[in-house]
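Colleague: Hey, dropping target.txt in here, compact mmCIF, C-alpha atoms:
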```txt
# COMPACT_ATOMS: atom_id res chain seq x y z
CA MET A 9 24.06 7.59 -5.04
CA PRO A 10 23.05 10.00 -7.84
CA ALA A 11 19.82 11.95 -7.42
CA PRO A 12 17.06 12.11 -10.02
CA VAL A 13 17.10 14.84 -12.62
CA VAL A 14 14.37 16.87 -10.89
CA THR A 15 16.37 18.16 -7.93
CA PRO A 16 15.44 21.78 -7.16
CA ALA A 17 14.89 22.69 -3.52
CA HIS A 18 11.22 21.76 -3.34
CA THR A 19 10.26 23.77 -0.30
CA SER A 20 6.68 24.44 -1.42
CA ALA A 21 3.85 22.12 -2.30
CA ALA A 22 3.54 23.52 -5.82
CA ALA A 23 2.65 20.69 -8.15
CA LEU A 24 5.25 19.09 -10.37
CA SER A 25 5.01 20.69 -13.79
CA ALA A 26 4.61 18.92 -17.11
CA ALA A 27 8.27 19.72 -17.77
CA ASP A 28 9.24 18.09 -14.45
CA VAL A 29 7.29 14.99 -15.41
CA ALA A 30 8.99 14.80 -18.80
CA LEU A 31 12.37 14.85 -17.04
CA LEU A 32 11.21 12.21 -14.58
CA ARG A 33 10.00 9.88 -17.30
CA ALA A 34 13.49 9.93 -18.78
CA GLU A 35 14.68 8.35 -15.53
CA PHE A 36 12.54 5.23 -16.10
CA PRO A 37 13.85 2.58 -18.53
CA TYR A 38 10.31 1.27 -19.05
CA PHE A 39 9.21 4.47 -20.74
CA ALA A 40 12.40 4.81 -22.75
CA ALA A 41 11.87 1.27 -24.04
CA HIS A 42 8.45 2.16 -25.42
CA ASP A 43 8.66 5.84 -26.35
CA GLU A 44 9.84 5.11 -29.88
CA LEU A 45 6.76 3.04 -30.68
CA ASP A 46 4.14 4.60 -32.94
CA VAL A 47 1.74 4.43 -30.00
CA ALA A 48 3.54 4.27 -26.69
CA PRO A 49 1.59 2.46 -23.95
CA ALA A 50 -0.25 4.61 -21.44
CA TYR A 51 0.74 2.90 -18.19
CA LEU A 52 -2.13 3.48 -15.78
CA ASP A 53 -1.68 0.55 -13.41
CA SER A 54 0.63 1.87 -10.70
CA ALA A 55 -1.90 0.99 -8.01
CA ALA A 56 -1.10 -2.64 -8.85
CA THR A 57 2.62 -2.16 -9.44
CA SER A 58 4.66 0.91 -10.34
CA GLN A 59 7.54 1.23 -12.75
CA ARG A 60 11.05 1.74 -11.35
CA PRO A 61 13.63 4.43 -12.07
CA THR A 62 17.19 3.64 -13.04
CA LEU A 63 18.30 4.87 -9.62
CA VAL A 64 16.42 2.01 -7.94
CA LEU A 65 17.46 -0.63 -10.45
CA ASP A 66 21.08 0.45 -10.17
CA ALA A 67 21.04 0.49 -6.36
CA GLU A 68 19.88 -3.13 -6.20
CA ARG A 69 22.21 -4.20 -9.00
CA ARG A 70 25.24 -2.47 -7.43
CA PHE A 71 24.58 -4.12 -4.10
CA LEU A 72 24.35 -7.57 -5.69
CA GLU A 73 27.45 -7.00 -7.80
CA SER A 74 29.73 -5.54 -5.15
CA SER A 75 28.30 -5.87 -1.64
CA ASN A 76 26.26 -9.06 -1.51
CA ALA A 77 26.78 -10.97 1.75
CA ALA A 78 24.75 -12.60 4.51
CA VAL A 79 23.58 -9.77 6.74
CA HIS A 80 23.77 -10.17 10.53
CA ARG A 81 25.75 -13.40 10.08
CA GLY A 82 29.43 -13.46 10.84
CA THR A 83 32.10 -10.89 11.61
CA SER A 84 33.72 -10.23 8.23
CA GLY A 85 34.00 -6.81 6.74
CA ALA A 86 31.82 -7.91 3.85
CA VAL A 87 29.03 -8.92 6.22
CA GLY A 88 29.41 -5.63 8.05
CA ALA A 89 29.11 -3.60 4.84
CA ALA A 90 26.06 -5.57 3.67
CA THR A 91 24.42 -5.22 7.07
CA GLU A 92 25.07 -1.48 7.06
CA ALA A 93 23.35 -1.12 3.67
CA PHE A 94 20.44 -3.28 4.82
CA GLU A 95 19.90 -1.41 8.08
CA GLY A 96 20.53 1.91 6.38
CA ALA A 97 17.57 1.22 4.12
CA ARG A 98 15.47 0.47 7.21
CA ALA A 99 16.42 3.85 8.69
CA THR A 100 15.58 5.61 5.41
CA VAL A 101 12.12 4.05 5.27
CA ALA A 102 11.55 4.81 8.96
CA ARG A 103 12.28 8.49 8.37
CA PHE A 104 10.02 8.56 5.32
CA VAL A 105 6.93 7.40 7.25
CA GLY A 106 7.64 9.36 10.42
CA ALA A 107 8.77 6.49 12.64
CA GLU A 108 10.67 7.60 15.72
CA SER A 109 13.06 4.65 15.45
CA ALA A 110 14.27 2.33 12.72
CA ASP A 111 13.34 -0.56 15.02
CA GLN A 112 9.69 0.25 14.29
CA ILE A 113 10.18 -0.99 10.72
CA VAL A 114 9.85 -4.72 10.07
CA TRP A 115 10.77 -6.09 6.66
CA ALA A 116 8.16 -8.39 5.14
CA GLU A 117 7.62 -10.06 1.78
CA ASN A 118 4.89 -7.57 0.88
CA ALA A 119 2.04 -5.73 2.57
CA THR A 120 -0.10 -8.87 2.68
CA ASP A 121 2.66 -10.60 4.60
CA ALA A 122 3.01 -7.60 6.92
CA LEU A 123 -0.70 -7.67 7.79
CA ASN A 124 -0.46 -11.40 8.41
CA ILE A 125 2.46 -10.86 10.81
CA VAL A 126 0.08 -8.90 13.03
CA ALA A 127 -2.95 -11.16 12.71
CA LEU A 128 -0.96 -14.38 13.10
CA GLY A 129 1.01 -12.90 15.98
CA ILE A 130 -2.19 -12.07 17.84
CA GLY A 131 -3.29 -15.63 17.15
CA GLU A 132 -0.08 -16.95 18.70
CA ALA A 133 -0.62 -14.75 21.74
CA ASN A 134 -4.03 -16.38 22.19
CA ALA A 135 -2.65 -19.89 21.69
CA GLY A 136 -0.37 -19.77 24.71
CA LEU A 137 2.70 -18.77 22.69
CA GLY A 138 2.98 -15.20 23.86
CA VAL A 139 5.94 -13.12 24.94
CA PRO A 140 6.06 -10.66 27.85
CA GLY A 141 3.23 -8.18 27.42
CA SER A 142 1.19 -10.36 25.04
CA GLU A 143 -1.79 -10.28 27.37
CA ARG A 144 -2.76 -7.00 25.72
CA TYR A 145 -3.71 -9.06 22.66
CA ALA A 146 -6.12 -11.38 24.49
CA LEU A 147 -9.32 -12.11 22.57
CA ASP A 148 -12.28 -13.79 24.21
CA THR A 149 -15.68 -14.90 22.99
CA GLY A 150 -17.72 -11.75 22.54
CA ASP A 151 -14.71 -9.55 21.77
CA GLU A 152 -14.86 -7.89 18.38
CA ILE A 153 -12.57 -7.35 15.41
CA LEU A 154 -13.84 -4.48 13.29
CA ILE A 155 -13.05 -3.96 9.60
CA THR A 156 -14.88 -2.27 6.70
CA GLU A 157 -16.72 -3.72 3.74
CA ALA A 158 -14.28 -1.89 1.47
CA GLU A 159 -11.16 -3.80 2.51
CA HIS A 160 -8.70 -5.50 0.20
CA HIS A 161 -8.75 -9.24 0.86
CA ALA A 162 -5.33 -8.90 2.51
CA ASN A 163 -6.95 -6.84 5.26
CA LEU A 164 -10.01 -9.08 5.51
CA ILE A 165 -9.09 -12.76 5.35
CA PRO A 166 -6.43 -12.67 8.12
CA TRP A 167 -9.04 -11.18 10.47
CA GLN A 168 -11.66 -13.73 9.42
CA ARG A 169 -9.26 -16.50 10.38
CA LEU A 170 -8.20 -14.84 13.61
CA ALA A 171 -11.84 -14.51 14.65
CA THR A 172 -12.42 -18.19 13.91
CA LYS A 173 -9.36 -19.25 15.90
CA THR A 174 -10.08 -17.11 18.95
CA GLY A 175 -13.88 -17.05 19.13
CA ALA A 176 -13.96 -13.30 18.62
CA THR A 177 -16.69 -11.78 16.45
CA LEU A 178 -15.74 -10.24 13.11
CA ARG A 179 -17.85 -7.15 12.40
CA TYR A 180 -17.68 -4.72 9.50
CA ILE A 181 -18.74 -1.20 8.63
CA PRO A 182 -21.04 -1.36 5.57
CA VAL A 183 -20.21 0.93 2.67
CA ARG A 184 -22.58 3.55 1.35
CA ALA A 185 -23.97 3.75 -2.18
CA ASP A 186 -20.69 5.12 -3.60
CA GLY A 187 -18.52 2.53 -1.85
CA THR A 188 -17.27 4.82 0.92
CA TRP A 189 -17.83 4.96 4.67
CA THR A 190 -17.54 7.80 7.15
CA LEU A 191 -16.19 8.75 10.54
CA ASP A 192 -19.73 8.64 11.88
CA ASP A 193 -20.14 5.10 10.54
CA ALA A 194 -17.01 4.08 12.42
CA ARG A 195 -18.15 5.85 15.56
CA ALA A 196 -21.40 3.87 15.49
CA ALA A 197 -19.62 0.55 14.89
CA LEU A 198 -16.89 0.79 17.54
CA THR A 199 -17.92 -0.64 20.90
CA GLU A 200 -16.34 -1.38 24.27
CA ARG A 201 -15.75 -4.93 22.98
CA THR A 202 -13.75 -3.82 19.93
CA ARG A 203 -10.19 -5.08 20.32
CA VAL A 204 -8.85 -4.58 16.77
CA PHE A 205 -9.90 -2.02 14.15
CA ALA A 206 -8.36 -2.67 10.72
CA PHE A 207 -8.99 -0.37 7.75
CA ALA A 208 -7.38 1.03 4.61
CA HIS A 209 -5.95 4.53 4.63
CA VAL A 210 -6.88 4.74 0.93
CA SER A 211 -9.24 2.31 -0.79
CA ASN A 212 -7.69 0.52 -3.76
CA VAL A 213 -11.06 0.66 -5.54
CA THR A 214 -12.66 4.00 -4.68
CA GLY A 215 -9.52 6.00 -3.86
CA TYR A 216 -11.34 7.21 -0.74
CA VAL A 217 -9.00 8.70 1.88
CA ALA A 218 -10.00 7.69 5.40
CA PRO A 219 -9.61 10.24 8.25
CA VAL A 220 -6.94 8.16 9.97
CA ALA A 221 -6.08 10.38 12.94
CA GLU A 222 -9.72 10.76 13.96
CA LEU A 223 -10.39 7.03 13.49
CA VAL A 224 -7.37 6.14 15.63
CA GLU A 225 -8.61 8.46 18.37
CA LEU A 226 -12.02 6.77 18.33
CA ALA A 227 -10.47 3.30 18.43
CA HIS A 228 -8.09 4.13 21.25
CA ALA A 229 -10.96 5.57 23.27
CA VAL A 230 -12.46 2.06 23.48
CA GLY A 231 -9.10 0.34 23.90
CA ALA A 232 -8.84 -1.04 20.36
CA ILE A 233 -5.62 -1.57 18.42
CA THR A 234 -5.54 0.00 14.94
CA VAL A 235 -4.09 -1.75 11.89
CA VAL A 236 -3.88 0.40 8.76
CA ASP A 237 -3.44 -0.81 5.19
CA ALA A 238 -1.31 2.03 3.80
CA CYS A 239 -0.50 0.49 0.41
CA GLN A 240 -2.26 3.22 -1.56
CA SER A 241 -1.35 6.14 0.70
CA VAL A 242 2.40 5.93 1.35
CA PRO A 243 3.26 6.09 -2.39
CA HIS A 244 1.05 9.14 -2.97
CA LEU A 245 0.71 11.24 0.17
CA PRO A 246 3.03 12.65 2.84
CA VAL A 247 2.43 10.15 5.67
CA ASN A 248 3.64 10.36 9.27
CA PHE A 249 2.49 7.34 11.24
CA THR A 250 3.65 8.77 14.56
CA GLU A 251 1.57 11.91 14.10
CA LEU A 252 -1.40 9.84 12.94
CA GLY A 253 -1.11 7.71 16.07
CA VAL A 254 -1.58 4.37 14.30
CA ASP A 255 -0.55 1.20 16.10
CA PHE A 256 0.38 -0.87 13.04
CA ALA A 257 0.57 -0.04 9.33
CA ALA A 258 1.57 -2.01 6.25
CA PHE A 259 2.71 -1.01 2.76
CA SER A 260 4.53 -2.46 -0.25
CA GLY A 261 7.72 -1.54 -2.06
CA HIS A 262 6.49 -2.36 -5.56
CA LYS A 263 3.74 0.28 -5.47
CA MET A 264 6.19 3.08 -4.59
CA LEU A 265 8.81 2.74 -7.36
CA GLY A 266 10.62 -0.02 -5.47
CA PRO A 267 11.29 -3.74 -5.97
CA ASN A 268 8.95 -6.67 -5.69
CA GLY A 269 9.42 -9.00 -2.74
CA ILE A 270 9.72 -6.32 -0.06
CA GLY A 271 7.00 -4.97 2.19
CA VAL A 272 6.98 -3.03 5.43
CA LEU A 273 5.23 -3.40 8.75
CA TYR A 274 5.33 -0.32 10.95
CA GLY A 275 4.47 -0.72 14.61
CA ARG A 276 4.53 1.21 17.83
CA PRO A 277 7.50 -0.11 19.88
CA GLU A 278 5.53 -1.36 22.87
CA LEU A 279 3.12 -3.23 20.60
CA LEU A 280 5.85 -4.83 18.52
CA ASP A 281 7.63 -5.89 21.70
CA ALA A 282 4.47 -7.59 22.97
CA LEU A 283 3.66 -9.34 19.66
CA PRO A 284 4.91 -12.93 19.37
CA PRO A 285 6.36 -14.11 16.06
CA ALA A 286 4.23 -16.53 14.08
CA ARG A 287 7.09 -17.58 11.80
CA THR A 288 10.24 -18.75 13.51
CA GLY A 289 13.71 -19.97 12.67
CA GLY A 290 17.28 -18.76 12.50
CA SER A 291 18.41 -15.19 13.12
CA ALA A 292 15.28 -14.26 15.09
CA ILE A 293 16.37 -15.90 18.33
CA THR A 294 18.70 -15.32 21.28
CA LYS A 295 18.76 -18.82 22.78
CA VAL A 296 17.46 -22.19 21.66
CA THR A 297 17.38 -25.46 23.58
CA MET A 298 15.71 -28.71 22.58
CA GLU A 299 12.67 -27.61 24.55
CA THR A 300 12.40 -23.82 24.23
CA ALA A 301 13.40 -20.76 22.24
CA LEU A 302 13.89 -17.13 23.25
CA PHE A 303 13.42 -14.46 20.61
CA MET A 304 15.23 -11.30 19.62
CA PRO A 305 13.53 -7.96 20.22
CA ALA A 306 11.64 -6.32 17.36
CA PRO A 307 12.19 -6.00 14.49
CA GLN A 308 14.58 -8.97 14.23
CA ARG A 309 12.18 -11.42 15.91
CA PHE A 310 9.85 -11.04 12.91
CA GLU A 311 12.58 -11.57 10.29
CA PRO A 312 13.71 -15.20 10.49
CA GLY A 313 15.77 -16.78 7.78
CA THR A 314 17.52 -15.15 4.83
CA GLN A 315 16.40 -11.58 4.33
CA PRO A 316 15.34 -9.72 1.14
CA VAL A 317 18.51 -7.66 1.37
CA SER A 318 18.89 -6.28 -2.16
CA GLN A 319 15.17 -5.55 -2.24
CA ALA A 320 15.44 -3.53 0.97
CA VAL A 321 18.36 -1.59 -0.51
CA GLY A 322 16.27 -0.95 -3.62
CA LEU A 323 13.34 0.26 -1.54
CA GLY A 324 15.64 2.64 0.34
CA ALA A 325 16.73 4.05 -3.01
CA ALA A 326 13.09 4.42 -4.10
CA VAL A 327 12.34 6.40 -0.95
CA SER A 328 15.34 8.65 -1.59
CA PHE A 329 14.09 9.19 -5.14
CA MET A 330 10.64 10.18 -3.90
CA GLU A 331 12.12 12.50 -1.27
CA ALA A 332 14.22 14.23 -3.93
CA ILE A 333 11.15 14.78 -6.09
CA GLY A 334 9.14 16.07 -3.14
CA VAL A 335 6.22 13.95 -1.97
CA ALA A 336 3.94 16.95 -1.43
CA ARG A 337 4.69 18.24 -4.94
CA ALA A 338 4.03 14.82 -6.42
CA ALA A 339 0.75 14.60 -4.48
CA GLU A 340 -0.38 17.94 -5.89
CA ARG A 341 0.47 16.82 -9.40
CA GLU A 342 -1.40 13.54 -8.95
CA HIS A 343 -4.40 15.39 -7.54
CA GLU A 344 -4.61 17.46 -10.72
CA LEU A 345 -4.53 14.28 -12.77
CA VAL A 346 -7.22 12.62 -10.67
CA GLU A 347 -9.44 15.69 -11.11
CA ARG A 348 -9.01 15.36 -14.86
CA LEU A 349 -9.64 11.62 -14.71
CA VAL A 350 -12.81 11.89 -12.62
CA ALA A 351 -14.17 14.76 -14.71
CA GLY A 352 -13.79 12.72 -17.89
CA ILE A 353 -15.64 9.80 -16.35
CA VAL A 354 -18.55 11.63 -14.74
CA GLU A 355 -19.29 13.71 -17.82
CA THR A 356 -19.62 10.57 -19.97
CA PRO A 357 -23.10 8.97 -19.96
CA GLY A 358 -23.02 5.24 -19.30
CA LEU A 359 -19.89 5.33 -17.14
CA ARG A 360 -20.31 4.79 -13.41
CA LEU A 361 -17.56 6.14 -11.19
CA LEU A 362 -16.91 4.06 -8.08
CA GLY A 363 -16.20 6.17 -5.02
CA PRO A 364 -16.53 9.88 -4.36
CA ALA A 365 -16.89 12.38 -7.19
CA ASP A 366 -15.41 14.90 -4.75
CA THR A 367 -11.71 14.60 -5.57
CA SER A 368 -10.69 16.18 -2.26
CA GLN A 369 -11.51 12.76 -0.76
CA ARG A 370 -9.77 10.71 -3.46
CA VAL A 371 -6.17 9.78 -4.22
CA ALA A 372 -4.36 8.52 -7.31
CA LEU A 373 -6.97 6.25 -8.90
CA ALA A 374 -10.45 5.87 -10.33
CA ALA A 375 -12.39 2.67 -10.97
CA VAL A 376 -15.32 2.67 -13.37
CA SER A 377 -18.11 0.36 -14.45
CA VAL A 378 -19.20 0.60 -18.09
CA ASP A 379 -22.94 0.01 -18.43
CA GLY A 380 -23.64 -3.08 -20.51
CA VAL A 381 -20.01 -4.14 -20.95
CA HIS A 382 -18.04 -6.56 -18.78
CA ALA A 383 -14.84 -5.11 -17.33
CA HIS A 384 -12.72 -7.83 -18.97
CA ASP A 385 -14.06 -6.84 -22.38
CA VAL A 386 -13.37 -3.20 -21.58
CA GLY A 387 -9.85 -4.10 -20.53
CA GLN A 388 -9.18 -6.04 -23.72
CA TYR A 389 -10.38 -3.12 -25.85
CA LEU A 390 -8.24 -0.67 -23.85
CA ASP A 391 -5.22 -2.92 -24.21
CA GLU A 392 -5.63 -2.86 -27.98
CA GLN A 393 -5.54 0.93 -27.77
CA GLY A 394 -2.31 0.78 -25.76
CA VAL A 395 -3.97 1.81 -22.49
CA LEU A 396 -2.79 -0.44 -19.66
CA VAL A 397 -5.13 -0.67 -16.67
CA ARG A 398 -6.36 -3.16 -14.07
CA VAL A 399 -9.64 -5.00 -14.53
CA GLY A 400 -11.43 -7.38 -12.17
CA HIS A 401 -12.51 -7.16 -8.55
CA HIS A 402 -9.12 -5.79 -7.42
CA CYS A 403 -9.03 -8.25 -4.49
CA ALA A 404 -12.12 -6.54 -3.08
CA GLN A 405 -15.02 -8.83 -3.88
CA PRO A 406 -17.26 -7.78 -0.95
CA LEU A 407 -16.98 -4.13 -1.98
CA HIS A 408 -17.91 -4.85 -5.58
CA ARG A 409 -20.75 -7.05 -4.40
CA ALA A 410 -22.04 -4.22 -2.22
CA LEU A 411 -21.97 -1.96 -5.28
CA GLY A 412 -23.98 -4.47 -7.28
CA ILE A 413 -21.21 -5.35 -9.74
CA THR A 414 -18.70 -8.16 -10.10
CA SER A 415 -15.77 -6.19 -11.49
CA SER A 416 -14.56 -2.80 -12.65
CA THR A 417 -11.90 -1.09 -14.72
CA ARG A 418 -9.33 0.88 -12.72
CA ALA A 419 -6.91 3.54 -13.90
CA SER A 420 -4.25 4.77 -11.51
CA VAL A 421 -1.66 7.52 -11.74
CA HIS A 422 1.82 8.12 -10.37
CA VAL A 423 4.51 10.78 -10.65
CA THR A 424 5.26 9.84 -14.25
CA THR A 425 1.68 9.99 -15.55
CA THR A 426 0.84 12.61 -18.17
CA GLU A 427 -2.36 14.44 -19.03
CA ASP A 428 -2.34 12.74 -22.42
CA GLU A 429 -2.39 9.31 -20.78
CA VAL A 430 -5.40 10.27 -18.68
CA ASP A 431 -7.20 11.58 -21.77
CA ARG A 432 -6.37 8.41 -23.69
CA PHE A 433 -8.01 6.35 -20.96
CA VAL A 434 -11.23 8.35 -21.05
CA ASP A 435 -11.27 8.34 -24.86
CA ALA A 436 -10.69 4.59 -24.87
CA LEU A 437 -13.60 4.03 -22.48
CA ARG A 438 -15.84 5.95 -24.88
CA GLY A 439 -14.43 3.92 -27.74
CA ALA A 440 -15.28 0.72 -25.88
CA GLN A 441 -18.84 1.94 -25.45
CA ARG A 442 -19.12 2.48 -29.21
CA TYR A 443 -17.39 -0.78 -30.08
CA PHE A 444 -19.71 -2.87 -27.88
CA GLY A 445 -22.83 -0.91 -28.80
CA ALA A 446 -23.19 0.51 -25.31
CA GLU A 447 -22.88 4.19 -26.10
CA VAL A 448 -25.42 6.28 -24.17
CA SER A 449 -26.80 9.56 -25.47
CA ALA A 450 -26.46 12.57 -23.17
```
Spit out the file's structure as structure tokens when you get a sec.

Modeller:
Amino acid sequence: MPAPVVTPAHTSAAALSAADVALLRAEFPYFAAHDELDVAPAYLDSAATSQRPTLVLDAERRFLESSNAAVHRGTSGAVGAATEAFEGARATVARFVGAESADQIVWAENATDALNIVALGIGEANAGLGVPGSERYALDTGDEILITEAEHHANLIPWQRLATKTGATLRYIPVRADGTWTLDDARAALTERTRVFAFAHVSNVTGYVAPVAELVELAHAVGAITVVDACQSVPHLPVNFTELGVDFAAFSGHKMLGPNGIGVLYGRPELLDALPPARTGGSAITKVTMETALFMPAPQRFEPGTQPVSQAVGLGAAVSFMEAIGVARAAEREHELVERLVAGIVETPGLRLLGPADTSQRVALAAVSVDGVHAHDVGQYLDEQGVLVRVGHHCAQPLHRALGITSSTRASVHVTTTEDEVDRFVDALRGAQRYFGAEVSA
């Protein structure tokens, strides 16, 4: 598999240079398809979905053209080769996030699906459908599931439903005025009755980076299981789940230069082994009678039916691409861009930055509210300027409600983002203020 153009030995965390980024952009067909336009689009929506390099597209295409077969089914050489590629991708992803074993990686449809595997599995354990060890997931009336007010709906609604099914109490950590919450807030909210603590590593609205290791330590001290939404951290930060001590974590392929239709659930082995599957069928079982079924060990017990094989292969290629670039170098580059992005927002009267102005606590994105202008109108104006962003509540209605707004405009960066694109976003926001008569004097 060929490596990306930027392939020096990246042993330091020095940021990717503008020249590195120019070389990287040449690896992405999306940018090549638009670069000849008079005004090329400024793609600032990677937090929703990232573009993909040729390396990833080719890896998935090559597999489908020459190696496509039903993995784990049959004894032919073709099946063996396909299975090797599929499981090889699992091992690559495991290494990337610091898992001690590839068996700690469960393939899912996306991160939402991965989070549901955990919540639904705990529900099964409490419905008399457990497996050996499932008693550790018991939830009784008065037990608590703790989340934060800043969660994406994918890390909120599954816990709402689990609480309803089990009689547990759903509690949340309120956000502060800027949409963030702190270690002290978590310390005050965790109790001896907390059984599950679910939170985002990085908020998809504020960009706030939670102190995961310290939060895990607090949760484990009261016997709670931690479930981390890592969708906005794994694509942008060096992440080692083993070192962080998390019990479960979920992230998506399509936000980290990989395909749609593939997500990842990471879990500690003893917790995966004790979690019953909520979705069942072929390939996840060892023995089936007309009365009972016995299930495979993790991760296979959570992967019934036909697998997203080419997508997994593509995600493995995306991880290899990111490793070749150097995740720490990419993170430094993105930090510089976020500093530029935040500075442009906070120095403009009439723009309200959501989340911390301190960029040491922020990763890869910035959401803004424009005084007097609805986010959808802002988004339409930006689109006409060729600036592509996300507008709306970003699947985080409670957070926006806590901030006193219904929606916001979010720009997000990735390894291919340029300084010019960041500046175009800020300039376009100011243009929207003028266009809608909402410009504010300094």

Colleague: With the cut-off set at 9 Å and counting all atoms listed in the file, tabulate each residue of segment 217-262 of chain A with an atom at most that distance from an atom of segment 192-197 of chain A, showing the nearest atom pair and its distance in Å to one decimal, ordered by chain and increasing number, as JSON lines.

Modeller:
```
{"residue": "A:Leu223", "atom": "CA", "partner": "A:Ala194", "partner_atom": "CA", "distance": 7.3}
{"residue": "A:Leu226", "atom": "CA", "partner": "A:Arg195", "partner_atom": "CA", "distance": 6.8}
{"residue": "A:Ala227", "atom": "CA", "partner": "A:Arg195", "partner_atom": "CA", "distance": 8.6}
```

Colleague: Suppose you want the space between atom CA of Val29 of chain A and atom CA of Thr424 of chain A; what is it in Å?

Modeller: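 Spanning atom CA of Val29 of chain A to atom CA of Thr424 of chain A is a straight-line distance of 5.7 Å.
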
Colleague: Write out as a ChimeraX atom specification the residues lying within 9 Å of segment 230-237 of chain A, counting only C-alpha atoms and excluding same-chain residues fewer than 5 positions away.

Modeller: /A:119,123,126,145,153,159-160,162-163,198-211,220,223-224,253-259

Colleague: For Lys173 of chain A, which of A:Leu154, A:Ala332, A:Ala127, A:Leu31 is the closest residue, counting all atoms listed in the file?

Modeller: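 Using all atoms listed in the file, the shortest distance to Lys173 of chain A belongs to A:Ala127.
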
Colleague: For a quick check of understanding, using all atoms listed in the file, which of A:Lys263, A:Arg341, A:Arg398, A:Arg309 has the smallest distance to Ala27 of chain A?

Modeller: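 Smallest distance to Ala27 of chain A is found for A:Arg341.
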
Colleague: Which value, in Å to one decimal, gives the distance between atom CA of Ala40 of chain A and atom CA of Asn212 of chain A?

Modeller: 28.0 Å

Colleague: Between A:Leu437, A:Ala238, A:Val371, A:Ala320, which is the closest to Gly96 of chain A once you count all atoms listed in the file?

Modeller: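 Looking only at the distances to Gly96 of chain A, the closest residue turns out to be A:Ala320.
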
Colleague: Compile the contact shell of segment 287-298 of chain A as an MDAnalysis selection string: residues with an atom at most 6 Å away, counting only C-alpha atoms, same-chain residues fewer than 2 positions apart removed.

Modeller: chainID A and resid 285 300:304 308:309 312:313

Colleague: Quick one: residues within 7 Å of segment 405-422 of chain A, only C-alpha atoms counted, chain neighbours fewer than 6 positions away excluded, as number ranges by chain?

Modeller: A: 52-55, 157-158, 185, 187, 342, 372-377, 383, 387, 397-399

Colleague: Would you export the selected residues with C-alpha atoms as an mmCIF file, in the frame of the given file, please?

Modeller:
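As a result, out18.cif now contains:
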```cif
data_model
loop_
_atom_site.group_PDB
_atom_site.id
_atom_site.type_symbol
_atom_site.label_atom_id
_atom_site.label_comp_id
_atom_site.auth_asym_id
_atom_site.auth_seq_id
_atom_site.Cartn_x
_atom_site.Cartn_y
_atom_site.Cartn_z
ATOM 1 C CA LEU A 52 -2.130 3.480 -15.780
ATOM 2 C CA ASP A 53 -1.680 0.550 -13.410
ATOM 3 C CA SER A 54 0.630 1.870 -10.700
ATOM 4 C CA ALA A 55 -1.900 0.990 -8.010
ATOM 5 C CA GLU A 157 -16.720 -3.720 3.740
ATOM 6 C CA ALA A 158 -14.280 -1.890 1.470
ATOM 7 C CA ALA A 185 -23.970 3.750 -2.180
ATOM 8 C CA GLY A 187 -18.520 2.530 -1.850
ATOM 9 C CA GLU A 342 -1.400 13.540 -8.950
ATOM 10 C CA ALA A 372 -4.360 8.520 -7.310
ATOM 11 C CA LEU A 373 -6.970 6.250 -8.900
ATOM 12 C CA ALA A 374 -10.450 5.870 -10.330
ATOM 13 C CA ALA A 375 -12.390 2.670 -10.970
ATOM 14 C CA VAL A 376 -15.320 2.670 -13.370
ATOM 15 C CA SER A 377 -18.110 0.360 -14.450
ATOM 16 C CA ALA A 383 -14.840 -5.110 -17.330
ATOM 17 C CA GLY A 387 -9.850 -4.100 -20.530
ATOM 18 C CA VAL A 397 -5.130 -0.670 -16.670
ATOM 19 C CA ARG A 398 -6.360 -3.160 -14.070
ATOM 20 C CA VAL A 399 -9.640 -5.000 -14.530
#
```

Colleague: So the first atom is atom CA of Glu251 of chain A and the second is atom CA of Met330 of chain A; what is the distance between them in Å, to one decimal place?

Modeller: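 Taking atom CA of Glu251 of chain A and atom CA of Met330 of chain A, their separation equals 20.2 Å.
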
Colleague: Would you kindly return, as JSON, numbers by chain, each protein, DNA or RNA residue with an atom no farther than 6 Å from any atom of Val105 of chain A, considering only C-alpha atoms and excluding same-chain residues fewer than 3 positions away?

Modeller: {"A": [102, 247, 248, 249]}

Colleague: With only C-alpha atoms as the basis for distance, which of A:Gly106, A:Gly88, A:Pro284, A:Gly322 is at the shortest distance from Arg69 of chain A?

Modeller: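 Counting only C-alpha atoms, the residue closest to Arg69 of chain A is A:Gly322.
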
Colleague: Using only C-alpha atoms, pick whichever of A:His228, A:His244, A:Arg169, A:Arg179 has the shortest atom-to-atom distance to Ile155 of chain A.

Modeller: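 Looking only at the distances to Ile155 of chain A, the closest residue turns out to be A:Arg179.
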
Colleague: Would you mind telling me which residue in A:Cys403, A:Ala26, A:Ala326, A:Leu345 lies nearest to Thr120 of chain A when using all atoms listed in the file?

Modeller: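 For Thr120 of chain A, the nearest of the given residues is A:Cys403.
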
Colleague: May I have the residues within 8 Å of Pro316 of chain A as a list in words, using all atoms listed in the file and disregarding those fewer than 6 positions away in the same chain?

Modeller: Glu117, Gly269 and Ile270 of chain A

Colleague: (-10.5, 9.6, 3.7) in this file's frame - what residues fall within 9 Å of it? Use all atoms listed in the file and give the answer as a list in words.

Modeller: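 Collected hits near the coordinates: Thr188, Trp189, Thr190, Leu191, His209, Val210, Ser211, Gly215, Tyr216, Val217, Ala218, Pro219, Val220, Ser368, Gln369 and Arg370 of chain A.
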
Colleague: What are the centre and the three edge lengths of an axis-aligned box that wraps all atoms of segment 220-230 of chain A in the file, given that 8 Å is added to every side, written as AutoDock Vina command-line options and rounded to one decimal in Å?

Modeller:
```
--center_x -9.3 --center_y 6.4 --center_z 16.7 --size_x 22.4 --size_y 24.7 --size_z 29.5
```
